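Colleague: One structure is given below, represented as structure tokens, and several questions about it will come after.
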Number of protein chains: 2
Amino acid sequence: MECILPKVCKGRPREFDVEEALAVALRVFWTKGYEGASLTDLTEAMGITRPSLYAAFGNKESLFRKALDLYEREKLAYVGEALKAPTSRGVAERLLRGALAMQTNDCDPKGCMRIIGSVSCASEAESIRADLTARRRSAQRALCDRLERAKADGDLPESCDVEGLCAYVGAILQGLAFQAGSGATKKQLEALVETSLAMWPGK
Amino acid sequence: MECILPKVCKGRPREFDVEEALAVALRVFWTKGYEGASLTDLTEAMGITRPSLYAAFGNKESLFRKALDLYEREKLAYVGEALKAPTSRGVAERLLRGALAMQTNDCDPKGCMRIIGSVSCASEAESIRADLTARRRSAQRALCDRLERAKADGDLPESCDVEGLCAYVGAILQGLAFQAGSGATKKQLEALVETSLAMWPGK
DNA sequence: AGCTTTTTATACCAGTCAGTATAGAAATTC
DNA sequence: GAATTTCTATACTGACTGGTATAAAAAGCT
């Protein structure tokens, strides 16, 4: 018989909550980017010391990846939901409105962590950049698959270039995130989303 | 009587060409961002020493600004041209095709220097970020004015939200630049532009 | 209680950052 | 040719980077 709960283990227990500290690290990376966030920034915000951080998370790079996982799980959940919409127009609408909601709540940092992380990687941290690009591509592919299905269902015109349409939606989402990150007002972002939806083919 | 040409001055003349060195610095900043470009990166690429750089350009920040001026003058010239198009659709078309041409020639780095510079600025270099945002806003305003005029001319429907339309065009351009910067193929970028133009109201 | 395990805190490492002081070399003007 | 001016090269500064060695402190298990 052994204890099932991993909580109970020998030795001195950790004095901080790992999930909580990770959430704080996420905010720091989100606002400052990968290279912009120094270990001093991170440890001060998380309220732990350097050796504690390394013991709990490995190193800066793996901490970033864990924070990124949390970001996608918690903040990008609307993307997965959007793909379940019954029509292609519904998909686009949920994507745009979801992104708008995320960029206009006033708890979280502005901008998109994938974009910020990807651009703020110098040549050294190339593997992080590659990781971020791969994650973005996989989301792009999921959208592509969904729209291909819509085309097969007759929900999109036969002449439609699905890949182009995907890149188009992605570009608007990226632009939305970038504008939010550089100080656009809520009203401006709303106008952007409404205009984009007005452009969408069909009702 | 004094010599008009500033070329002739006393003392040992500079051994390198300032404009040429600036063009090289532009490429370095363009590919690595502001903070990502170290003085060592810069001086090695420019082929000059550190003191020469400081004597000729002031410091890193003012070098960046000079490089940015050059970028806008040489690489963003198509924007000013686009605004002169006779119709609003022509404006959008020239903007998108101009950006596409710039992102698909194979001499220059990929991505947009304004975006890269703006995102790759940590908290310290806040003034650079502010400068970049201001420049972007002024371009946005110019487009806004142009589309307002189009609306007054009856070239855009009365119901049109010009500010929203501007943010929309800006977002597509930003998305295009970002996708180009993260490895999208020429074909993909072309599809993005064609799809965007197909969405544009009117013929 | 005593032993083990894991956490903490402090101090440190080598490397890099932007920026500069110093001094020698080169070219122009008088 | 001599004086002046401005360049270049070398070496250095203090501050910061990510990462770690060391040792004390705290908790659980037997």
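Residue numbering restarts at 1 in every chain; chains get A, B, ... in the order shown in the structure tokens, and ligands count up from 1 in that same order.
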Residues of chain D no more than 10 Å from chain B, counting only C-alpha atoms (C1' of nucleotides): send them over as number ranges by chain.
Modeller: D: 4-9
Colleague: Over all Cα atoms paired in order, how far apart are chain B and chain A after a least-squares superposition, as an RMSD in Å?
Modeller: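 Here the RMSD amounts to 0.3 Å.
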Colleague: Using backbone DSSP assignments, extract all alpha helix (DSSP H) residues from chain A; output them as a short mmCIF file (atom, residue, chain, number, x, y, z; two decimals) with N, CA and C atoms, in the first residue's frame.
Modeller:
data_model
loop_
_atom_site.label_atom_id
_atom_site.label_comp_id
_atom_site.auth_asym_id
_atom_site.auth_seq_id
_atom_site.Cartn_x
_atom_site.Cartn_y
_atom_site.Cartn_z
N VAL A 18 3.24 25.58 -7.06
CA VAL A 18 3.86 25.55 -8.39
C VAL A 18 2.94 26.15 -9.44
N GLU A 19 1.67 25.77 -9.42
CA GLU A 19 0.75 26.27 -10.44
C GLU A 19 0.61 27.79 -10.36
N GLU A 20 0.56 28.25 -9.13
CA GLU A 20 0.42 29.69 -8.93
C GLU A 20 1.66 30.43 -9.46
N ALA A 21 2.82 29.90 -9.12
CA ALA A 21 4.06 30.51 -9.60
C ALA A 21 4.12 30.48 -11.12
N LEU A 22 3.66 29.39 -11.70
CA LEU A 22 3.68 29.28 -13.16
C LEU A 22 2.76 30.32 -13.80
N ALA A 23 1.62 30.55 -13.16
CA ALA A 23 0.70 31.56 -13.69
C ALA A 23 1.34 32.94 -13.66
N VAL A 24 2.11 33.20 -12.62
CA VAL A 24 2.81 34.48 -12.54
C VAL A 24 3.88 34.57 -13.63
N ALA A 25 4.62 33.49 -13.79
CA ALA A 25 5.66 33.47 -14.83
C ALA A 25 5.03 33.71 -16.20
N LEU A 26 3.86 33.13 -16.42
CA LEU A 26 3.16 33.34 -17.69
C LEU A 26 2.93 34.83 -17.94
N ARG A 27 2.47 35.52 -16.93
CA ARG A 27 2.22 36.96 -17.09
C ARG A 27 3.50 37.71 -17.45
N VAL A 28 4.59 37.33 -16.81
CA VAL A 28 5.86 38.01 -17.08
C VAL A 28 6.32 37.77 -18.52
N PHE A 29 6.29 36.51 -18.93
CA PHE A 29 6.67 36.20 -20.32
C PHE A 29 5.72 36.88 -21.30
N TRP A 30 4.48 36.89 -20.97
CA TRP A 30 3.45 37.45 -21.86
C TRP A 30 3.71 38.94 -22.10
N THR A 31 4.09 39.63 -21.05
CA THR A 31 4.29 41.07 -21.21
C THR A 31 5.68 41.42 -21.75
N LYS A 32 6.69 40.62 -21.41
CA LYS A 32 8.05 41.00 -21.77
C LYS A 32 8.67 40.17 -22.87
N LEU A 39 15.74 36.42 -15.53
CA LEU A 39 15.50 35.55 -14.37
C LEU A 39 15.17 36.39 -13.15
N THR A 40 15.78 37.55 -13.05
CA THR A 40 15.46 38.44 -11.92
C THR A 40 14.00 38.88 -11.99
N ASP A 41 13.54 39.30 -13.17
CA ASP A 41 12.13 39.64 -13.33
C ASP A 41 11.25 38.49 -12.86
N LEU A 42 11.58 37.30 -13.33
CA LEU A 42 10.74 36.14 -13.06
C LEU A 42 10.72 35.81 -11.58
N THR A 43 11.89 35.66 -10.99
CA THR A 43 11.93 35.23 -9.58
C THR A 43 11.29 36.28 -8.67
N GLU A 44 11.52 37.55 -8.97
CA GLU A 44 10.91 38.58 -8.13
C GLU A 44 9.39 38.54 -8.20
N ALA A 45 8.87 38.38 -9.43
CA ALA A 45 7.42 38.34 -9.58
C ALA A 45 6.83 37.08 -8.95
N MET A 46 7.55 35.98 -9.10
CA MET A 46 7.03 34.71 -8.59
C MET A 46 7.23 34.59 -7.08
N ARG A 50 16.15 31.86 -7.13
CA ARG A 50 16.65 31.25 -8.35
C ARG A 50 16.77 29.72 -8.25
N PRO A 51 17.41 29.20 -7.22
CA PRO A 51 17.52 27.74 -7.14
C PRO A 51 16.16 27.06 -7.05
N SER A 52 15.20 27.70 -6.39
CA SER A 52 13.86 27.12 -6.33
C SER A 52 13.26 27.02 -7.72
N LEU A 53 13.44 28.06 -8.48
CA LEU A 53 12.91 28.05 -9.85
C LEU A 53 13.53 26.92 -10.66
N TYR A 54 14.83 26.77 -10.55
CA TYR A 54 15.48 25.73 -11.34
C TYR A 54 15.10 24.35 -10.88
N ALA A 55 14.91 24.19 -9.54
CA ALA A 55 14.50 22.88 -9.04
C ALA A 55 13.10 22.53 -9.52
N ALA A 56 12.24 23.52 -9.59
CA ALA A 56 10.84 23.24 -9.90
C ALA A 56 10.57 23.19 -11.40
N PHE A 57 11.30 23.97 -12.18
CA PHE A 57 10.93 24.10 -13.59
C PHE A 57 12.05 23.75 -14.57
N LYS A 60 15.18 28.23 -17.81
CA LYS A 60 14.31 29.29 -18.33
C LYS A 60 13.49 28.81 -19.52
N GLU A 61 14.14 28.06 -20.39
CA GLU A 61 13.45 27.62 -21.60
C GLU A 61 12.29 26.68 -21.26
N SER A 62 12.52 25.75 -20.35
CA SER A 62 11.43 24.81 -20.06
C SER A 62 10.35 25.50 -19.24
N LEU A 63 10.74 26.49 -18.46
CA LEU A 63 9.72 27.29 -17.78
C LEU A 63 8.84 28.01 -18.79
N PHE A 64 9.47 28.53 -19.82
CA PHE A 64 8.70 29.22 -20.85
C PHE A 64 7.72 28.27 -21.53
N ARG A 65 8.19 27.07 -21.82
CA ARG A 65 7.32 26.11 -22.50
C ARG A 65 6.14 25.72 -21.60
N LYS A 66 6.41 25.54 -20.32
CA LYS A 66 5.31 25.21 -19.41
C LYS A 66 4.31 26.36 -19.33
N ALA A 67 4.85 27.57 -19.31
CA ALA A 67 3.96 28.74 -19.27
C ALA A 67 3.14 28.81 -20.55
N LEU A 68 3.78 28.46 -21.66
CA LEU A 68 3.08 28.49 -22.95
C LEU A 68 1.97 27.44 -22.98
N ASP A 69 2.24 26.27 -22.42
CA ASP A 69 1.19 25.25 -22.34
C ASP A 69 0.00 25.78 -21.55
N LEU A 70 0.31 26.40 -20.43
CA LEU A 70 -0.78 26.96 -19.61
C LEU A 70 -1.55 28.01 -20.39
N TYR A 71 -0.83 28.84 -21.10
CA TYR A 71 -1.46 29.90 -21.90
C TYR A 71 -2.43 29.30 -22.91
N GLU A 72 -1.99 28.30 -23.62
CA GLU A 72 -2.84 27.72 -24.65
C GLU A 72 -4.02 27.00 -24.03
N ARG A 73 -3.79 26.37 -22.89
CA ARG A 73 -4.86 25.64 -22.25
C ARG A 73 -5.92 26.58 -21.71
N GLU A 74 -5.49 27.67 -21.08
CA GLU A 74 -6.44 28.55 -20.41
C GLU A 74 -6.93 29.70 -21.27
N ALA A 77 -8.50 28.61 -25.21
CA ALA A 77 -9.52 27.55 -25.24
C ALA A 77 -10.62 27.89 -26.25
N TYR A 78 -10.86 29.17 -26.44
CA TYR A 78 -11.94 29.57 -27.35
C TYR A 78 -11.70 29.10 -28.78
N VAL A 79 -10.44 28.89 -29.14
CA VAL A 79 -10.15 28.47 -30.51
C VAL A 79 -10.74 27.10 -30.78
N GLY A 80 -10.48 26.17 -29.88
CA GLY A 80 -11.05 24.84 -30.04
C GLY A 80 -12.56 24.86 -30.08
N GLU A 81 -13.15 25.69 -29.25
CA GLU A 81 -14.60 25.81 -29.22
C GLU A 81 -15.12 26.37 -30.55
N ALA A 82 -14.38 27.36 -31.07
CA ALA A 82 -14.84 28.03 -32.30
C ALA A 82 -14.96 27.04 -33.45
N SER A 88 -19.32 27.81 -41.30
CA SER A 88 -18.01 28.44 -41.43
C SER A 88 -18.07 29.89 -40.95
N ARG A 89 -19.20 30.51 -41.22
CA ARG A 89 -19.34 31.86 -40.72
C ARG A 89 -19.34 31.88 -39.20
N GLY A 90 -19.98 30.89 -38.60
CA GLY A 90 -19.98 30.78 -37.15
C GLY A 90 -18.58 30.58 -36.60
N VAL A 91 -17.78 29.80 -37.30
CA VAL A 91 -16.39 29.58 -36.89
C VAL A 91 -15.65 30.92 -36.86
N ALA A 92 -15.75 31.64 -37.97
CA ALA A 92 -15.05 32.93 -38.05
C ALA A 92 -15.54 33.87 -36.96
N GLU A 93 -16.85 33.88 -36.76
CA GLU A 93 -17.41 34.79 -35.77
C GLU A 93 -16.91 34.45 -34.37
N ARG A 94 -16.91 33.18 -34.03
CA ARG A 94 -16.45 32.80 -32.69
C ARG A 94 -14.96 33.07 -32.51
N LEU A 95 -14.20 32.84 -33.57
CA LEU A 95 -12.76 33.12 -33.49
C LEU A 95 -12.52 34.61 -33.23
N LEU A 96 -13.16 35.43 -34.03
CA LEU A 96 -12.91 36.87 -33.91
C LEU A 96 -13.45 37.41 -32.59
N ARG A 97 -14.65 36.99 -32.22
CA ARG A 97 -15.21 37.51 -30.97
C ARG A 97 -14.46 36.95 -29.76
N GLY A 98 -13.99 35.72 -29.88
CA GLY A 98 -13.20 35.16 -28.79
C GLY A 98 -11.90 35.93 -28.60
N ALA A 99 -11.23 36.20 -29.70
CA ALA A 99 -9.99 36.96 -29.62
C ALA A 99 -10.24 38.36 -29.08
N LEU A 100 -11.35 38.94 -29.53
CA LEU A 100 -11.69 40.28 -29.04
C LEU A 100 -11.93 40.27 -27.54
N ALA A 101 -12.68 39.27 -27.07
CA ALA A 101 -12.95 39.20 -25.64
C ALA A 101 -11.66 39.05 -24.84
N MET A 102 -10.77 38.24 -25.36
CA MET A 102 -9.52 38.03 -24.65
C MET A 102 -8.67 39.29 -24.62
N GLN A 103 -8.69 40.05 -25.69
CA GLN A 103 -7.84 41.24 -25.76
C GLN A 103 -8.48 42.45 -25.09
N THR A 104 -9.71 42.34 -24.68
CA THR A 104 -10.35 43.51 -24.08
C THR A 104 -10.77 43.29 -22.64
N MET A 113 0.75 35.94 -26.78
CA MET A 113 2.03 35.44 -26.29
C MET A 113 2.80 34.68 -27.37
N ARG A 114 2.07 34.03 -28.25
CA ARG A 114 2.78 33.32 -29.32
C ARG A 114 3.53 34.29 -30.20
N ILE A 115 2.87 35.39 -30.55
CA ILE A 115 3.52 36.36 -31.41
C ILE A 115 4.66 37.05 -30.69
N ILE A 116 4.38 37.51 -29.48
CA ILE A 116 5.41 38.20 -28.71
C ILE A 116 6.61 37.31 -28.50
N GLY A 117 6.35 36.08 -28.10
CA GLY A 117 7.45 35.15 -27.87
C GLY A 117 8.23 34.88 -29.14
N SER A 118 7.51 34.73 -30.24
CA SER A 118 8.17 34.38 -31.48
C SER A 118 9.05 35.51 -31.99
N VAL A 119 8.58 36.74 -31.87
CA VAL A 119 9.35 37.87 -32.39
C VAL A 119 10.49 38.24 -31.45
N GLU A 126 16.50 29.92 -30.98
CA GLU A 126 15.82 29.55 -32.22
C GLU A 126 14.85 28.41 -32.00
N SER A 127 15.15 27.53 -31.07
CA SER A 127 14.28 26.36 -30.87
C SER A 127 12.92 26.79 -30.34
N ILE A 128 12.91 27.84 -29.53
CA ILE A 128 11.64 28.34 -29.03
C ILE A 128 10.82 28.93 -30.17
N ARG A 129 11.49 29.69 -31.00
CA ARG A 129 10.81 30.26 -32.14
C ARG A 129 10.21 29.16 -33.01
N ALA A 130 10.99 28.13 -33.24
CA ALA A 130 10.51 27.02 -34.06
C ALA A 130 9.31 26.36 -33.40
N ASP A 131 9.37 26.20 -32.10
CA ASP A 131 8.26 25.60 -31.37
C ASP A 131 7.00 26.44 -31.53
N LEU A 132 7.14 27.74 -31.36
CA LEU A 132 5.99 28.62 -31.47
C LEU A 132 5.40 28.58 -32.87
N THR A 133 6.28 28.59 -33.87
CA THR A 133 5.79 28.54 -35.24
C THR A 133 5.06 27.22 -35.49
N ALA A 134 5.58 26.14 -34.97
CA ALA A 134 4.94 24.84 -35.16
C ALA A 134 3.55 24.83 -34.52
N ARG A 135 3.44 25.39 -33.33
CA ARG A 135 2.14 25.42 -32.67
C ARG A 135 1.14 26.26 -33.48
N ARG A 136 1.62 27.38 -34.00
CA ARG A 136 0.75 28.23 -34.79
C ARG A 136 0.29 27.49 -36.05
N ARG A 137 1.23 26.79 -36.67
CA ARG A 137 0.89 26.06 -37.88
C ARG A 137 -0.14 24.98 -37.61
N SER A 138 -0.02 24.34 -36.48
CA SER A 138 -0.97 23.26 -36.21
C SER A 138 -2.36 23.83 -36.01
N ALA A 139 -2.45 24.99 -35.39
CA ALA A 139 -3.76 25.64 -35.26
C ALA A 139 -4.29 26.02 -36.63
N GLN A 140 -3.39 26.52 -37.46
CA GLN A 140 -3.78 26.90 -38.82
C GLN A 140 -4.32 25.70 -39.58
N ARG A 141 -3.66 24.56 -39.40
CA ARG A 141 -4.10 23.36 -40.10
C ARG A 141 -5.48 22.92 -39.62
N ALA A 142 -5.70 23.04 -38.32
CA ALA A 142 -7.02 22.64 -37.79
C ALA A 142 -8.11 23.51 -38.41
N LEU A 143 -7.83 24.78 -38.53
CA LEU A 143 -8.81 25.67 -39.15
C LEU A 143 -9.02 25.30 -40.61
N CYS A 144 -7.92 25.00 -41.27
CA CYS A 144 -7.98 24.60 -42.67
C CYS A 144 -8.87 23.37 -42.84
N ASP A 145 -8.64 22.37 -42.01
CA ASP A 145 -9.45 21.16 -42.09
C ASP A 145 -10.92 21.48 -41.91
N ARG A 146 -11.19 22.33 -40.94
CA ARG A 146 -12.59 22.68 -40.67
C ARG A 146 -13.23 23.36 -41.88
N LEU A 147 -12.48 24.24 -42.51
CA LEU A 147 -13.06 24.96 -43.65
C LEU A 147 -13.15 24.08 -44.89
N GLU A 148 -12.23 23.14 -45.01
CA GLU A 148 -12.35 22.17 -46.10
C GLU A 148 -13.66 21.39 -45.96
N ARG A 149 -13.94 21.02 -44.73
CA ARG A 149 -15.17 20.30 -44.46
C ARG A 149 -16.38 21.16 -44.81
N ALA A 150 -16.28 22.45 -44.46
CA ALA A 150 -17.37 23.37 -44.78
C ALA A 150 -17.58 23.45 -46.29
N LYS A 151 -16.48 23.45 -47.01
CA LYS A 151 -16.58 23.50 -48.47
C LYS A 151 -17.26 22.25 -49.01
N ALA A 152 -16.86 21.11 -48.47
CA ALA A 152 -17.46 19.86 -48.90
C ALA A 152 -18.95 19.84 -48.58
N VAL A 162 -9.45 27.65 -49.85
CA VAL A 162 -9.51 27.46 -48.40
C VAL A 162 -8.22 27.88 -47.71
N GLU A 163 -7.11 27.53 -48.31
CA GLU A 163 -5.84 27.88 -47.68
C GLU A 163 -5.68 29.40 -47.57
N GLY A 164 -6.07 30.07 -48.65
CA GLY A 164 -6.01 31.52 -48.63
C GLY A 164 -6.93 32.10 -47.58
N LEU A 165 -8.10 31.50 -47.46
CA LEU A 165 -9.07 31.98 -46.47
C LEU A 165 -8.53 31.79 -45.04
N CYS A 166 -7.84 30.69 -44.83
CA CYS A 166 -7.24 30.43 -43.52
C CYS A 166 -6.17 31.47 -43.19
N ALA A 167 -5.30 31.69 -44.17
CA ALA A 167 -4.26 32.69 -43.96
C ALA A 167 -4.89 34.05 -43.68
N TYR A 168 -5.99 34.30 -44.36
CA TYR A 168 -6.70 35.57 -44.18
C TYR A 168 -7.24 35.71 -42.76
N VAL A 169 -7.93 34.70 -42.29
CA VAL A 169 -8.44 34.76 -40.92
C VAL A 169 -7.29 34.88 -39.92
N GLY A 170 -6.26 34.09 -40.16
CA GLY A 170 -5.10 34.17 -39.28
C GLY A 170 -4.50 35.56 -39.24
N ALA A 171 -4.40 36.18 -40.41
CA ALA A 171 -3.82 37.52 -40.48
C ALA A 171 -4.65 38.51 -39.68
N ILE A 172 -5.95 38.42 -39.78
CA ILE A 172 -6.79 39.36 -39.03
C ILE A 172 -6.61 39.14 -37.53
N LEU A 173 -6.54 37.88 -37.13
CA LEU A 173 -6.33 37.60 -35.71
C LEU A 173 -4.98 38.11 -35.24
N GLN A 174 -3.97 37.92 -36.05
CA GLN A 174 -2.64 38.41 -35.68
C GLN A 174 -2.63 39.93 -35.61
N GLY A 175 -3.27 40.56 -36.59
CA GLY A 175 -3.33 42.02 -36.56
C GLY A 175 -4.09 42.53 -35.36
N LEU A 176 -5.17 41.85 -35.03
CA LEU A 176 -5.95 42.22 -33.84
C LEU A 176 -5.07 42.16 -32.59
N ALA A 177 -4.34 41.08 -32.46
CA ALA A 177 -3.49 40.92 -31.29
C ALA A 177 -2.39 41.98 -31.25
N PHE A 178 -1.81 42.24 -32.41
CA PHE A 178 -0.74 43.23 -32.44
C PHE A 178 -1.27 44.62 -32.09
N GLN A 179 -2.41 44.98 -32.66
CA GLN A 179 -2.97 46.29 -32.36
C GLN A 179 -3.36 46.41 -30.89
N ALA A 180 -3.90 45.33 -30.34
CA ALA A 180 -4.22 45.36 -28.92
C ALA A 180 -2.96 45.55 -28.10
N GLY A 181 -1.89 44.91 -28.52
CA GLY A 181 -0.63 45.02 -27.78
C GLY A 181 0.02 46.37 -27.90
N LYS A 186 -10.54 49.65 -26.84
CA LYS A 186 -11.55 48.60 -27.00
C LYS A 186 -12.48 48.91 -28.17
N LYS A 187 -12.83 50.17 -28.30
CA LYS A 187 -13.73 50.58 -29.39
C LYS A 187 -13.09 50.30 -30.75
N GLN A 188 -11.82 50.61 -30.87
CA GLN A 188 -11.13 50.37 -32.14
C GLN A 188 -11.10 48.88 -32.49
N LEU A 189 -10.83 48.07 -31.46
CA LEU A 189 -10.77 46.63 -31.72
C LEU A 189 -12.14 46.08 -32.10
N GLU A 190 -13.17 46.61 -31.45
CA GLU A 190 -14.52 46.18 -31.79
C GLU A 190 -14.85 46.54 -33.24
N ALA A 191 -14.45 47.76 -33.64
CA ALA A 191 -14.70 48.18 -35.02
C ALA A 191 -13.97 47.27 -36.00
N LEU A 192 -12.76 46.89 -35.62
CA LEU A 192 -12.01 45.97 -36.48
C LEU A 192 -12.75 44.65 -36.66
N VAL A 193 -13.24 44.10 -35.55
CA VAL A 193 -13.94 42.81 -35.63
C VAL A 193 -15.23 42.94 -36.42
N GLU A 194 -15.99 43.99 -36.16
CA GLU A 194 -17.26 44.15 -36.88
C GLU A 194 -17.03 44.32 -38.38
N THR A 195 -16.04 45.11 -38.72
CA THR A 195 -15.73 45.29 -40.14
C THR A 195 -15.32 43.97 -40.78
N SER A 196 -14.49 43.21 -40.08
CA SER A 196 -14.05 41.93 -40.63
C SER A 196 -15.23 41.01 -40.86
N LEU A 197 -16.15 40.99 -39.89
CA LEU A 197 -17.30 40.09 -40.04
C LEU A 197 -18.22 40.55 -41.16
N ALA A 198 -18.30 41.87 -41.35
CA ALA A 198 -19.14 42.39 -42.43
C ALA A 198 -18.59 41.97 -43.79
N MET A 199 -17.26 41.76 -43.84
CA MET A 199 -16.64 41.35 -45.10
C MET A 199 -16.91 39.88 -45.41
#
Colleague: Quick check, in Å to one decimal: how far apart do C1' of DA15 (chain D) and CA of Ala37 (chain B) lie?
Modeller: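 Between these atoms lies a distance of 18.5 Å.
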Colleague: Please build the interface table for chain C against chain A with a cut-off of 6 Å, listing for each qualifying residue the nearest atom pair and the distance in Å to one decimal; count only C-alpha atoms (C1' of nucleotides), order rows by chain and increasing number, and write it as a Markdown table.
Modeller:
| residue | atom | partner | partner_atom | distance |
| --- | --- | --- | --- | --- |
| C:DT5 | C1' | A:Gly11 | CA | 4.2 |
| C:DT6 | C1' | A:Gly11 | CA | 4.8 |
| C:DT7 | C1' | A:Arg12 | CA | 5.5 |
Colleague: Using C1' of DA21 (chain C) and C1' of DA11 (chain D) as the two end points, give the distance in Å to one decimal.
Modeller: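 Taking C1' of DA21 (chain C) and C1' of DA11 (chain D), their separation equals 9.2 Å.
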Colleague: CA of Tyr34 (chain B) and CA of Tyr34 (chain A), how far apart in Å?
Modeller: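 Computing it gives 14.3 Å between the two atoms.
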Colleague: Can you pull out the residues contacting DC12 (chain C)? Cut-off 10 Å, using only C-alpha atoms (C1' of nucleotides), and skip same-chain residues under 6 positions away; I want them as JSON, numbers by chain.
Modeller: {"D": [20, 21, 22]}
